[in-house]
Structure formats: C-alpha cells, structure tokens
Amino acid sequence: MMPQRRTYDWPCRNRTLRLGERTLVMGILNVTPDSFSDGGEYIDPDKAVTHALEMIRQGADIIDIGGESTRPGAAPVSADNEIRRTAPVIEAIRRKTELPISIDTMKATVAEAALSAGADIINDVSGFEADPAMAGVAAESGAGVVLMHMKGTPRTMQENPVYADVVQEVVDYLAARAGAVEQAGVARERIVLDPGIGFGKTLEHNLALLRHLPELLAAGYPVLVGASRKRFIGQITGRENPEDRRAGSLGVAAWSVGAGAHILRVHDVIDTCDVCRMLDRLETGEP
Ligand code: HH2
C-alpha cells in the first residue's frame, strides 16, 4: 500500500492550489536560446504562447516560465534581457487563461515584472539566496514560493559536487531557507520545497535524493520534483539526446508520486498527466 500523501492548501496570490489530493503537473516553458532540452524552440513569443496553451490543453496545472537557462555551464543573463523574454509572454498567456503561472528566476526585478504581468508563483533555483530582495517581493505580493536546493552556481555546480550526507544537507538547507524566508514575511503555507535534481549533484546524489524523498517531506512542506529529461536519466538509460529521455522521465515521475511528491515540473505534459492520474487513483483506491 502506498502511503497517503499529506495535503496542503497553497496560497498563490489570489488563488489557492490544493496539493496532495491530485499530483499537479507544472509544464516547462523556457523562453531561452540555450536551455538543455528545448533551448531556442520557444524564444519567439508567439511560439512560446502557443506552446503554453498546448501544455494547458494537455492537462498542465501550472506553467513555469524561465528566461535564463540554468543548465550546467550556462552563462548568466541580464535582468533586462530576462524581463524582455518573459514578461510579454506571461501577459499574453494571462490574457488567454486563468491557470497559475510561475516565473523561474533568481532575480527580484524579474520576479516583480512577472508578477505585474500576471504570474502567481516565484520559482527560484537559488532558494531565494541569489538576490536578497527576492523574499521582500514574495512577502509583498503574496506569491507562492518554490525554494530549490543548488550547490554552487550553474556555471560551476557540476564540477565536483561533494557532500558528507546529501539527503541531510539538502533537507537542512531547505528547512533553513524556508525559515529565513518566513522571517522575511512570507507565510509558511506559501512555501514549497524542491531538492534540485541535477543542480550540483552526481548520479548517486540524485538517486539518493529521490530514494529518500520522504525525509524531505517530513520537513512539513509540500515538495516539487524537477527531474524531466535530466542528465542522470541519460546516464542510466544511455539516451544522449534529452528528447529521448521521455520514458525515463516518466519512470522518475511515477517514483516521485509514489514517494509523496505534490508537484512535478516536466517537459512532457500529456504523458506525465496520464501517469499521475493512474497513480493518484491507485493511491486513493477509489473505484
Ligand atoms: N530545473 C531546471 C530549471 N528550473 N526549477 C525547479 N523548481 N526545479 C528544477 O528541477 C528546475 C527548475 C532546469 O531544467 P530546464 O528548465 O529544462 O533547463 P534550463 O535550466 O537549461 O532552462
């Protein structure tokens, strides 16, 4: 028997998302020229909006928009450039749908522009550490918050990540970051944690974090997992090309739901939604 997930109400500005009854699927929209899987595909705003609407039709619960690649070795992007890439796309999506939108950024000014354009959630891969102004933006706006663990910076994080105990270190780090963000005025119930698969982690580290997801869940916050098409899936399956990692990604998605994750951040929305619907129903046992 699968354990029943703990449920949460996640307030994100003027809406509240129910977490844990049904797994939520966050569709990835990278408005970047250099993302590791879909780089360049959606840099054109019209194409980006079309892809977002397609993911919504496929069953996405949240659209996560990023204007800066965080793939290993990626070069940083200026705030102006990131805003130019993301804000118009958010505005255009918001005109067409009420679905929650998250902004994937480490910069407070980018988050602010995204919130003005209609975003509801701030997804920061630096755990709100990169920009000291980020917590204030979240506190003031009432946005939902995703705090992710990363060791180092995207430029250097995969060089030689070393941990004494990766699970303990990630859990302690995220709990401490959540505490700091709460101190800055963000209500606890607005925070979701993410172990940061692939961010300063070897294959073994990624596997340990996924195998011990319940230890992160025990911190008492909802958990998001972003493993879609990542390199460790290629290492295990032998698939060099990220687009060929779909089945491997679905395997990790199924594992994560079984372990208790509340939200999955993915490229392949339609398949992930099917996996989630099956697992959600198996979990409740409803006929
Ligand atoms: N992974 C990526 C980017 N943002 N955010 C969260 N919360 N969790 C993740 O695991 C995560 C994330 C990296 O993937 P992707 O956006 O596909 O690539 P890139 O950073 O190259 O744009």
# chains A, B, ... in the order shown; residues from 1 in each chain; ligands from 1
$ residues_around --residues "Gly179 of chain A" --least-positions-apart "5" --cutoff "9 Å" --atoms "only C-alpha atoms" --output "list in words"
Leu174, Ala184 and Arg188 of chain A
$ write_last_selection --atoms "all heavy atoms" --output "mmCIF file, in the first residue's frame"
data_model
loop_
_atom_site.group_PDB
_atom_site.id
_atom_site.type_symbol
_atom_site.label_atom_id
_atom_site.label_comp_id
_atom_site.auth_asym_id
_atom_site.auth_seq_id
_atom_site.Cartn_x
_atom_site.Cartn_y
_atom_site.Cartn_z
ATOM 1 N N LEU A 174 17.164 23.373 2.971
ATOM 2 C CA LEU A 174 15.841 23.870 2.568
ATOM 3 C C LEU A 174 15.026 24.304 3.783
ATOM 4 O O LEU A 174 14.311 25.312 3.726
ATOM 5 C CB LEU A 174 15.108 22.803 1.749
ATOM 6 C CG LEU A 174 15.674 22.602 0.331
ATOM 7 C CD1 LEU A 174 15.001 21.417 -0.353
ATOM 8 C CD2 LEU A 174 15.516 23.867 -0.526
ATOM 9 N N ALA A 184 11.300 36.799 6.763
ATOM 10 C CA ALA A 184 11.183 37.998 5.921
ATOM 11 C C ALA A 184 9.725 38.312 5.590
ATOM 12 O O ALA A 184 9.460 39.237 4.820
ATOM 13 C CB ALA A 184 11.988 37.798 4.639
ATOM 14 N N ARG A 188 4.339 30.573 6.052
ATOM 15 C CA ARG A 188 4.847 29.214 5.874
ATOM 16 C C ARG A 188 4.073 28.426 4.819
ATOM 17 O O ARG A 188 4.646 27.712 4.016
ATOM 18 C CB ARG A 188 4.748 28.505 7.237
ATOM 19 C CG ARG A 188 5.221 27.068 7.193
ATOM 20 C CD ARG A 188 4.964 26.325 8.497
ATOM 21 N NE ARG A 188 5.300 24.921 8.293
ATOM 22 C CZ ARG A 188 6.432 24.358 8.684
ATOM 23 N NH1 ARG A 188 7.330 25.057 9.341
ATOM 24 N NH2 ARG A 188 6.667 23.085 8.430
#
$ residues_around --residues "Leu53 of chain A" --least-positions-apart "5" --cutoff "9 Å" --atoms "only C-alpha atoms" --output "number ranges by chain"
A: 48, 58, 93, 96-97
$ closest_residue --among "A:Ile63, A:Ala259, A:Ala52, A:Ala208" --to "Tyr163 of chain A" --atoms "only C-alpha atoms"
A:Ala208
$ select_by_dssp --residues "segment 45-228 of chain A" --states "helix (DSSP H, G or I)" --output "ChimeraX atom specification"
/A:45-57,79-96,108-117,134-141,166-183,188-190,203-211,213-217
$ residues_around --residues "Pro88 of chain A" --least-positions-apart "6" --cutoff "10 Å" --atoms "only C-alpha atoms" --output "tab-separated table (two decimals) with N, CA, C and O atoms, in the first residue's frame"
chain	number	residue	atom	x	y	z
A	45	PRO	N	8.11	34.87	-29.05
A	45	PRO	CA	6.99	34.96	-28.09
A	45	PRO	C	5.73	34.25	-28.58
A	45	PRO	O	5.03	33.62	-27.77
A	46	ASP	N	5.42	34.32	-29.87
A	46	ASP	CA	4.21	33.67	-30.36
A	46	ASP	C	4.30	32.16	-30.19
A	46	ASP	O	3.35	31.50	-29.77
A	49	VAL	N	3.82	31.28	-26.47
A	49	VAL	CA	2.43	31.31	-26.02
A	49	VAL	C	1.69	30.08	-26.56
A	49	VAL	O	0.92	29.43	-25.84
A	94	ARG	N	-1.61	35.14	-19.77
A	94	ARG	CA	-2.61	35.56	-18.78
A	94	ARG	C	-3.89	36.07	-19.45
A	94	ARG	O	-5.00	35.88	-18.94
A	113	ALA	N	8.52	42.01	-12.29
A	113	ALA	CA	7.94	42.26	-13.62
A	113	ALA	C	6.98	41.13	-13.99
A	113	ALA	O	5.92	41.36	-14.57
A	114	ALA	N	7.35	39.91	-13.64
A	114	ALA	CA	6.50	38.75	-13.96
A	114	ALA	C	5.19	38.83	-13.18
A	114	ALA	O	4.11	38.55	-13.72
A	117	ALA	N	2.95	41.22	-14.67
A	117	ALA	CA	2.40	40.70	-15.93
A	117	ALA	C	1.35	39.62	-15.69
A	117	ALA	O	0.69	39.19	-16.63
$ closest_atom_pairs --of "chain A" --to "ligand 1" --cutoff "8 Å" --atoms "only C-alpha atoms and all ligand atoms" --output "tab-separated table"
residue	atom	partner	partner_atom_place_in_ligand_line	distance
A:Ile28	CA	ligand 1	16 (O)	6.4
A:Leu29	CA	ligand 1	16 (O)	7.5
A:Asn30	CA	ligand 1	22 (O)	5.6
A:Thr32	CA	ligand 1	22 (O)	6.8
A:Asp34	CA	ligand 1	21 (O)	6.5
A:Ser35	CA	ligand 1	21 (O)	3.3
A:Phe36	CA	ligand 1	21 (O)	4.2
A:Ser37	CA	ligand 1	17 (O)	5.9
A:Asp38	CA	ligand 1	17 (O)	7.0
A:Gly39	CA	ligand 1	22 (O)	7.0
A:Gly66	CA	ligand 1	22 (O)	6.7
A:Gly67	CA	ligand 1	22 (O)	7.6
A:Glu68	CA	ligand 1	22 (O)	6.2
A:Ser69	CA	ligand 1	22 (O)	3.6
A:Thr70	CA	ligand 1	20 (O)	3.5
A:Arg71	CA	ligand 1	21 (O)	3.9
A:Pro72	CA	ligand 1	21 (O)	7.7
A:Ala74	CA	ligand 1	21 (O)	7.5
A:Asp104	CA	ligand 1	4 (N)	6.1
A:Asn123	CA	ligand 1	7 (N)	5.5
A:Asp124	CA	ligand 1	7 (N)	6.5
A:Val125	CA	ligand 1	5 (N)	5.4
A:Val146	CA	ligand 1	7 (N)	6.1
A:Leu147	CA	ligand 1	7 (N)	6.9
A:Met148	CA	ligand 1	7 (N)	5.5
A:Asp194	CA	ligand 1	7 (N)	5.9
A:Pro195	CA	ligand 1	10 (O)	7.6
A:Gly196	CA	ligand 1	10 (O)	4.8
A:Ile197	CA	ligand 1	10 (O)	5.3
A:Gly198	CA	ligand 1	10 (O)	7.1
A:Phe199	CA	ligand 1	10 (O)	7.7
A:Leu224	CA	ligand 1	7 (N)	6.8
A:Val225	CA	ligand 1	10 (O)	6.1
A:Gly226	CA	ligand 1	10 (O)	3.4
A:Ala227	CA	ligand 1	10 (O)	5.7
A:Ser228	CA	ligand 1	17 (O)	7.1
A:Arg229	CA	ligand 1	17 (O)	7.6
A:Lys230	CA	ligand 1	14 (O)	7.3
A:Arg265	CA	ligand 1	8 (N)	6.6
A:Val266	CA	ligand 1	17 (O)	7.7
A:His267	CA	ligand 1	17 (O)	7.1
$ write_last_selection --atoms "C-alpha atoms" --output "tab-separated table (two decimals), in the first residue's frame"
chain	number	residue	atom	x	y	z
A	28	ILE	CA	8.10	23.93	-18.54
A	29	LEU	CA	8.30	26.90	-20.90
A	30	ASN	CA	11.87	28.01	-21.50
A	32	THR	CA	15.74	30.91	-23.82
A	34	ASP	CA	20.21	27.72	-24.70
A	35	SER	CA	18.15	25.50	-22.36
A	36	PHE	CA	19.48	21.95	-22.27
A	37	SER	CA	16.40	20.31	-23.78
A	38	ASP	CA	14.20	22.85	-25.54
A	39	GLY	CA	16.70	25.73	-25.98
A	66	GLY	CA	12.03	30.89	-17.46
A	67	GLY	CA	14.18	33.38	-19.36
A	68	GLU	CA	17.60	32.19	-18.18
A	69	SER	CA	18.99	28.70	-18.67
A	70	THR	CA	20.38	27.07	-15.52
A	71	ARG	CA	21.91	24.12	-17.34
A	72	PRO	CA	25.45	23.29	-16.18
A	74	ALA	CA	25.13	28.27	-18.74
A	104	ASP	CA	11.59	30.70	-12.87
A	123	ASN	CA	10.28	29.59	-8.55
A	124	ASP	CA	13.87	30.36	-7.54
A	125	VAL	CA	16.56	27.71	-8.11
A	146	VAL	CA	9.30	27.40	-4.64
A	147	LEU	CA	12.65	27.11	-2.86
A	148	MET	CA	15.13	24.82	-4.60
A	194	ASP	CA	12.45	21.23	-4.18
A	195	PRO	CA	15.57	19.02	-3.80
A	196	GLY	CA	17.05	20.45	-7.02
A	197	ILE	CA	17.72	17.32	-9.04
A	198	GLY	CA	20.84	17.86	-11.19
A	199	PHE	CA	21.91	21.10	-9.53
A	224	LEU	CA	8.13	19.71	-6.05
A	225	VAL	CA	10.40	17.45	-8.12
A	226	GLY	CA	12.02	18.55	-11.38
A	227	ALA	CA	13.79	15.60	-12.98
A	228	SER	CA	12.38	15.81	-16.50
A	229	ARG	CA	14.89	14.79	-19.23
A	230	LYS	CA	17.84	15.49	-16.93
A	265	ARG	CA	7.96	20.02	-13.21
A	266	VAL	CA	8.09	18.44	-16.67
A	267	HIS	CA	8.53	18.92	-20.42
$ select_by_dssp --residues "segment 203-275 of chain A" --states "strand (DSSP E)" --output "list in words"
Leu224, Val225, Ile263, Leu264, Arg265 and Val266 of chain A
$ write_last_selection --atoms "C-alpha atoms" --output "short mmCIF file (atom, residue, chain, number, x, y, z; two decimals), in the first residue's frame"
data_model
loop_
_atom_site.label_atom_id
_atom_site.label_comp_id
_atom_site.auth_asym_id
_atom_site.auth_seq_id
_atom_site.Cartn_x
_atom_site.Cartn_y
_atom_site.Cartn_z
CA LEU A 224 8.13 19.71 -6.05
CA VAL A 225 10.40 17.45 -8.12
CA ILE A 263 4.11 18.77 -7.96
CA LEU A 264 6.15 17.54 -10.94
CA ARG A 265 7.96 20.02 -13.21
CA VAL A 266 8.09 18.44 -16.67
#
$ atom_distance --atom1 "atom CA of Glu82 of chain A" --atom2 "atom CA of Cys12 of chain A"
22.2 Å
$ closest_residue --among "A:Val110, A:Ile83, A:Met55, A:Leu115" --to "Asn14 of chain A" --atoms "only C-alpha atoms"
A:Leu115
$ atom_distance --atom1 "atom CA of Gly258 of chain A" --atom2 "atom CA of Gln168 of chain A"
20.7 Å
$ residues_around --residues "Leu203 of chain A" --least-positions-apart "3" --cutoff "8 Å" --atoms "only C-alpha atoms" --output "number ranges by chain"
A: 206-207, 232, 235
$ decode --residues "segment 33-85 of chain A" --atoms "C-alpha atoms" --output "mmCIF file, in the first residue's frame"
data_model
loop_
_atom_site.group_PDB
_atom_site.id
_atom_site.type_symbol
_atom_site.label_atom_id
_atom_site.label_comp_id
_atom_site.auth_asym_id
_atom_site.auth_seq_id
_atom_site.Cartn_x
_atom_site.Cartn_y
_atom_site.Cartn_z
ATOM 1 C CA PRO A 33 18.141 30.242 -26.691
ATOM 2 C CA ASP A 34 20.214 27.722 -24.697
ATOM 3 C CA SER A 35 18.155 25.503 -22.358
ATOM 4 C CA PHE A 36 19.481 21.952 -22.274
ATOM 5 C CA SER A 37 16.402 20.308 -23.778
ATOM 6 C CA ASP A 38 14.205 22.849 -25.541
ATOM 7 C CA GLY A 39 16.698 25.728 -25.978
ATOM 8 C CA GLY A 40 15.771 28.053 -28.849
ATOM 9 C CA GLU A 41 12.431 26.399 -29.562
ATOM 10 C CA TYR A 42 10.280 28.996 -27.797
ATOM 11 C CA ILE A 43 12.398 32.170 -27.890
ATOM 12 C CA ASP A 44 9.814 33.592 -30.318
ATOM 13 C CA PRO A 45 6.993 34.956 -28.093
ATOM 14 C CA ASP A 46 4.205 33.668 -30.359
ATOM 15 C CA LYS A 47 5.676 30.176 -30.321
ATOM 16 C CA ALA A 48 6.090 30.371 -26.547
ATOM 17 C CA VAL A 49 2.430 31.308 -26.025
ATOM 18 C CA THR A 50 1.260 28.597 -28.423
ATOM 19 C CA HIS A 51 3.318 26.017 -26.558
ATOM 20 C CA ALA A 52 1.923 27.173 -23.190
ATOM 21 C CA LEU A 53 -1.644 26.858 -24.482
ATOM 22 C CA GLU A 54 -0.808 23.422 -25.864
ATOM 23 C CA MET A 55 0.517 22.294 -22.456
ATOM 24 C CA ILE A 56 -2.657 23.633 -20.829
ATOM 25 C CA ARG A 57 -4.783 21.622 -23.264
ATOM 26 C CA GLN A 58 -2.675 18.598 -22.386
ATOM 27 C CA GLY A 59 -3.559 18.974 -18.711
ATOM 28 C CA ALA A 60 -0.848 21.162 -17.144
ATOM 29 C CA ASP A 61 -1.884 22.695 -13.806
ATOM 30 C CA ILE A 62 0.821 25.380 -13.738
ATOM 31 C CA ILE A 63 3.010 26.926 -16.457
ATOM 32 C CA ASP A 64 6.586 27.679 -15.356
ATOM 33 C CA ILE A 65 8.276 30.339 -17.483
ATOM 34 C CA GLY A 66 12.031 30.889 -17.464
ATOM 35 C CA GLY A 67 14.183 33.379 -19.364
ATOM 36 C CA GLU A 68 17.600 32.192 -18.184
ATOM 37 C CA SER A 69 18.988 28.696 -18.668
ATOM 38 C CA THR A 70 20.378 27.072 -15.521
ATOM 39 C CA ARG A 71 21.910 24.120 -17.342
ATOM 40 C CA PRO A 72 25.454 23.290 -16.176
ATOM 41 C CA GLY A 73 27.875 25.866 -17.577
ATOM 42 C CA ALA A 74 25.132 28.265 -18.738
ATOM 43 C CA ALA A 75 26.089 31.936 -18.995
ATOM 44 C CA PRO A 76 24.152 34.416 -16.834
ATOM 45 C CA VAL A 77 21.578 36.718 -18.486
ATOM 46 C CA SER A 78 20.951 40.386 -17.545
ATOM 47 C CA ALA A 79 17.733 41.227 -15.692
ATOM 48 C CA ASP A 80 16.571 43.457 -18.570
ATOM 49 C CA ASN A 81 17.031 40.691 -21.065
ATOM 50 C CA GLU A 82 15.273 38.170 -18.824
ATOM 51 C CA ILE A 83 12.332 40.571 -18.379
ATOM 52 C CA ARG A 84 12.153 41.213 -22.142
ATOM 53 C CA ARG A 85 11.942 37.470 -22.742
#
